[in-house]
Amino acid sequence: MLIVFIGPPGAGKGTQCKRLIDYLKIPHLSTGDLLREARAKGNTLGQLAAQYMDQGRLVPDPLVLAMVGEKLNEPELAIGCLFDGFPRTVPQARALDEELAKRGTPLNLVLEMRADEQELIDRMLRRAALEKRADDNPQTFAHRLEVYHQQTEPLLDYYRFRGVLAMINGMGTPDEVFGRIQAAVEARRATCH
Ligand code: B4P
C-alpha cells in the first residue's frame, strides 16, 4: 500500500508511522528525518534546509523534490511506502502523483492526523525537553502551525477530491490513535482487493 500521513507539527505522524511500518512491513520515507540527517552530515542540502527548519518554514519544494526523487526510484518502494510529512504543499503532491502515475501505482490512502492545538503545544514542549530539536520552541512552533494551515491544509481538498482521504483523531494515547489508523487501513485494504 502507498499511504501518506498529513498533519500539523506534533500530530504524531512519526510516532504512528513507526507502528504502521511494523504492522504493514513496508518502507518509510520521512522528509523530516531525511532533512535532519542531511543537516547532521553538514552537506549543502543540510545547511540550506537548516535555515528554513530553524525558522519553522518549509524547505523549498525544489530542494525537497530533488531529495525525494532519488528515493522514489528505489526498487523496494514498489511494494509500498509510508510517506511521512511528504507531500506538504500542492506542488509536492502533484510531483508525487506524476511519479506514481508513471509507475502505475496510485496512492491508496491519505491519513489526516488531527489534534487540538493545546495538545500539540504540550507535546512539543515535552519533546523539546527530551530531544532539544532546534525547531521545538514556542515561537518557531507557532510559525510551523501557521505554515501548516496556509501551505499544507490545501492538500486536504486535493486528496478529498481524489477520494483517498481519511481523518484520524490524533487525541488519546498512541495505542488508541494506532487503533483508529489500523481500522482506516483495513477498511481501505478491503476495497483495494
Ligand atoms: P517533521 O519531522 O515532519 O516533524 P513534525 O511535524 O514535528 O512531527 P510529527 O507529526 O511527526 O510528530 P511526532 O510523531 O514526532 O518536520 C520538521 C520540519 O522539517 C518541518 O517544520 C519543515 O521545516 C521540514 N520539512 C519536513 N518535511 C518537509 C517537506 N515535505 N517540505 C518542506 N519542508 C519539510 O510527535 C511529536 C511528539 O509528540 C513526540 O515527542 C511524540 O512522542 C509525542 N506524541 C506523539 N503521539 C502522541 C500521543 N498520542 N500522546 C502523547 N504524545 C504523543
# chains A, B, ... in the order shown; residues from 1 in each chain; ligands from 1
call {"tool": "residues_around", "arguments": {"residues": "Phe141 of chain A", "least_positions_apart": "4", "cutoff": "12 Å", "atoms": "only C-alpha atoms", "output": "list in words"}}
result
Pro8, Pro9, Gly10, Met53, Asp54, Gln55, Gly56, Arg57, Glu117, Gln118, Leu120, Ile121, Asp122, Arg123, Met124, Leu125, Arg127, Ala128, Arg133, Ala134, Asp135, Asp136, Asn137, Leu145, Glu146, Val147 and Tyr148 of chain A
call {"tool": "residues_near_ligand", "arguments": {"ligand": "ligand 1", "cutoff": "7 Å", "atoms": "only C-alpha atoms and all ligand atoms", "output": "number ranges by chain"}}
result
A: 7-16, 30-33, 35, 52-53, 56-61, 64, 84-88, 123-124, 126-127, 144, 170-174, 177
call {"tool": "atom_distance", "arguments": {"atom1": "atom CA of Leu107 of chain A", "atom2": "atom CA of Glu176 of chain A"}}
result
25.0 Å
call {"tool": "atom_distance", "arguments": {"atom1": "atom CA of Val4 of chain A", "atom2": "atom CA of Ala166 of chain A"}}
result
10.4 Å
call {"tool": "select_by_dssp", "arguments": {"residues": "chain A", "states": "strand (DSSP E)", "output": "VMD selection string"}}
result
chain A and resid 2 to 6 28 to 30 81 to 84 109 to 114 165 to 169
call {"tool": "write_last_selection", "arguments": {"atoms": "N, CA and C atoms", "output": "tab-separated table (two decimals), in the first residue's frame"}}
result
chain	number	residue	atom	x	y	z
A	2	LEU	N	0.38	2.28	-0.64
A	2	LEU	CA	1.06	3.58	-0.62
A	2	LEU	C	0.20	4.54	0.21
A	3	ILE	N	0.77	4.99	1.33
A	3	ILE	CA	-0.01	5.77	2.30
A	3	ILE	C	0.73	7.06	2.63
A	4	VAL	N	-0.01	8.16	2.65
A	4	VAL	CA	0.56	9.46	3.03
A	4	VAL	C	0.01	9.87	4.40
A	5	PHE	N	0.89	10.38	5.26
A	5	PHE	CA	0.48	10.94	6.55
A	5	PHE	C	0.57	12.46	6.47
A	6	ILE	N	-0.55	13.14	6.74
A	6	ILE	CA	-0.55	14.60	6.78
A	6	ILE	C	-1.05	15.03	8.17
A	28	HIS	N	9.49	3.25	4.83
A	28	HIS	CA	9.06	4.52	5.39
A	28	HIS	C	9.90	5.62	4.76
A	29	LEU	N	9.26	6.72	4.36
A	29	LEU	CA	10.03	7.83	3.83
A	29	LEU	C	9.58	9.10	4.56
A	30	SER	N	10.43	9.57	5.49
A	30	SER	CA	10.12	10.77	6.26
A	30	SER	C	11.02	11.91	5.78
A	81	CYS	N	4.80	2.08	0.51
A	81	CYS	CA	5.59	3.05	1.26
A	81	CYS	C	4.68	3.89	2.16
A	82	LEU	N	5.23	4.29	3.29
A	82	LEU	CA	4.56	5.27	4.15
A	82	LEU	C	5.27	6.59	3.95
A	83	PHE	N	4.57	7.56	3.40
A	83	PHE	CA	5.14	8.89	3.20
A	83	PHE	C	4.78	9.73	4.43
A	84	ASP	N	5.81	10.11	5.18
A	84	ASP	CA	5.61	10.75	6.48
A	84	ASP	C	6.04	12.23	6.36
A	109	LEU	N	-4.14	5.63	0.15
A	109	LEU	CA	-4.78	6.23	1.33
A	109	LEU	C	-3.98	7.43	1.81
A	110	VAL	N	-4.70	8.49	2.21
A	110	VAL	CA	-4.06	9.65	2.84
A	110	VAL	C	-4.69	9.81	4.22
A	111	LEU	N	-3.88	9.74	5.24
A	111	LEU	CA	-4.38	9.84	6.62
A	111	LEU	C	-4.12	11.25	7.14
A	112	GLU	N	-5.20	11.94	7.46
A	112	GLU	CA	-5.07	13.28	8.04
A	112	GLU	C	-5.14	13.15	9.55
A	113	MET	N	-4.02	13.45	10.23
A	113	MET	CA	-3.98	13.35	11.70
A	113	MET	C	-4.43	14.68	12.28
A	114	ARG	N	-5.42	14.63	13.18
A	114	ARG	CA	-5.90	15.88	13.81
A	114	ARG	C	-5.73	15.83	15.31
A	165	LEU	N	-8.90	10.36	1.07
A	165	LEU	CA	-8.62	10.97	2.38
A	165	LEU	C	-9.41	10.32	3.51
A	166	ALA	N	-8.73	10.04	4.63
A	166	ALA	CA	-9.42	9.56	5.84
A	166	ALA	C	-8.93	10.40	7.01
A	167	MET	N	-9.85	10.88	7.83
A	167	MET	CA	-9.46	11.70	9.00
A	167	MET	C	-9.25	10.78	10.21
A	168	ILE	N	-8.12	11.02	10.90
A	168	ILE	CA	-7.81	10.24	12.10
A	168	ILE	C	-7.77	11.18	13.30
A	169	ASN	N	-8.54	10.84	14.34
A	169	ASN	CA	-8.49	11.61	15.57
A	169	ASN	C	-7.17	11.27	16.28
call {"tool": "select_by_dssp", "arguments": {"residues": "segment 71-136 of chain A", "states": "alpha helix (DSSP H)", "output": "number ranges by chain"}}
result
A: 71-72, 90-103, 117-131
call {"tool": "closest_residue", "arguments": {"among": "A:Ala183, A:Ala66, A:Leu96, A:Val90", "to": "Gln150 of chain A", "atoms": "only C-alpha atoms"}}
result
A:Val90
call {"tool": "closest_residue", "arguments": {"among": "A:Ala115, A:Ala50, A:Leu20, A:Ala93", "to": "Tyr159 of chain A", "atoms": "only C-alpha atoms"}}
result
A:Ala93
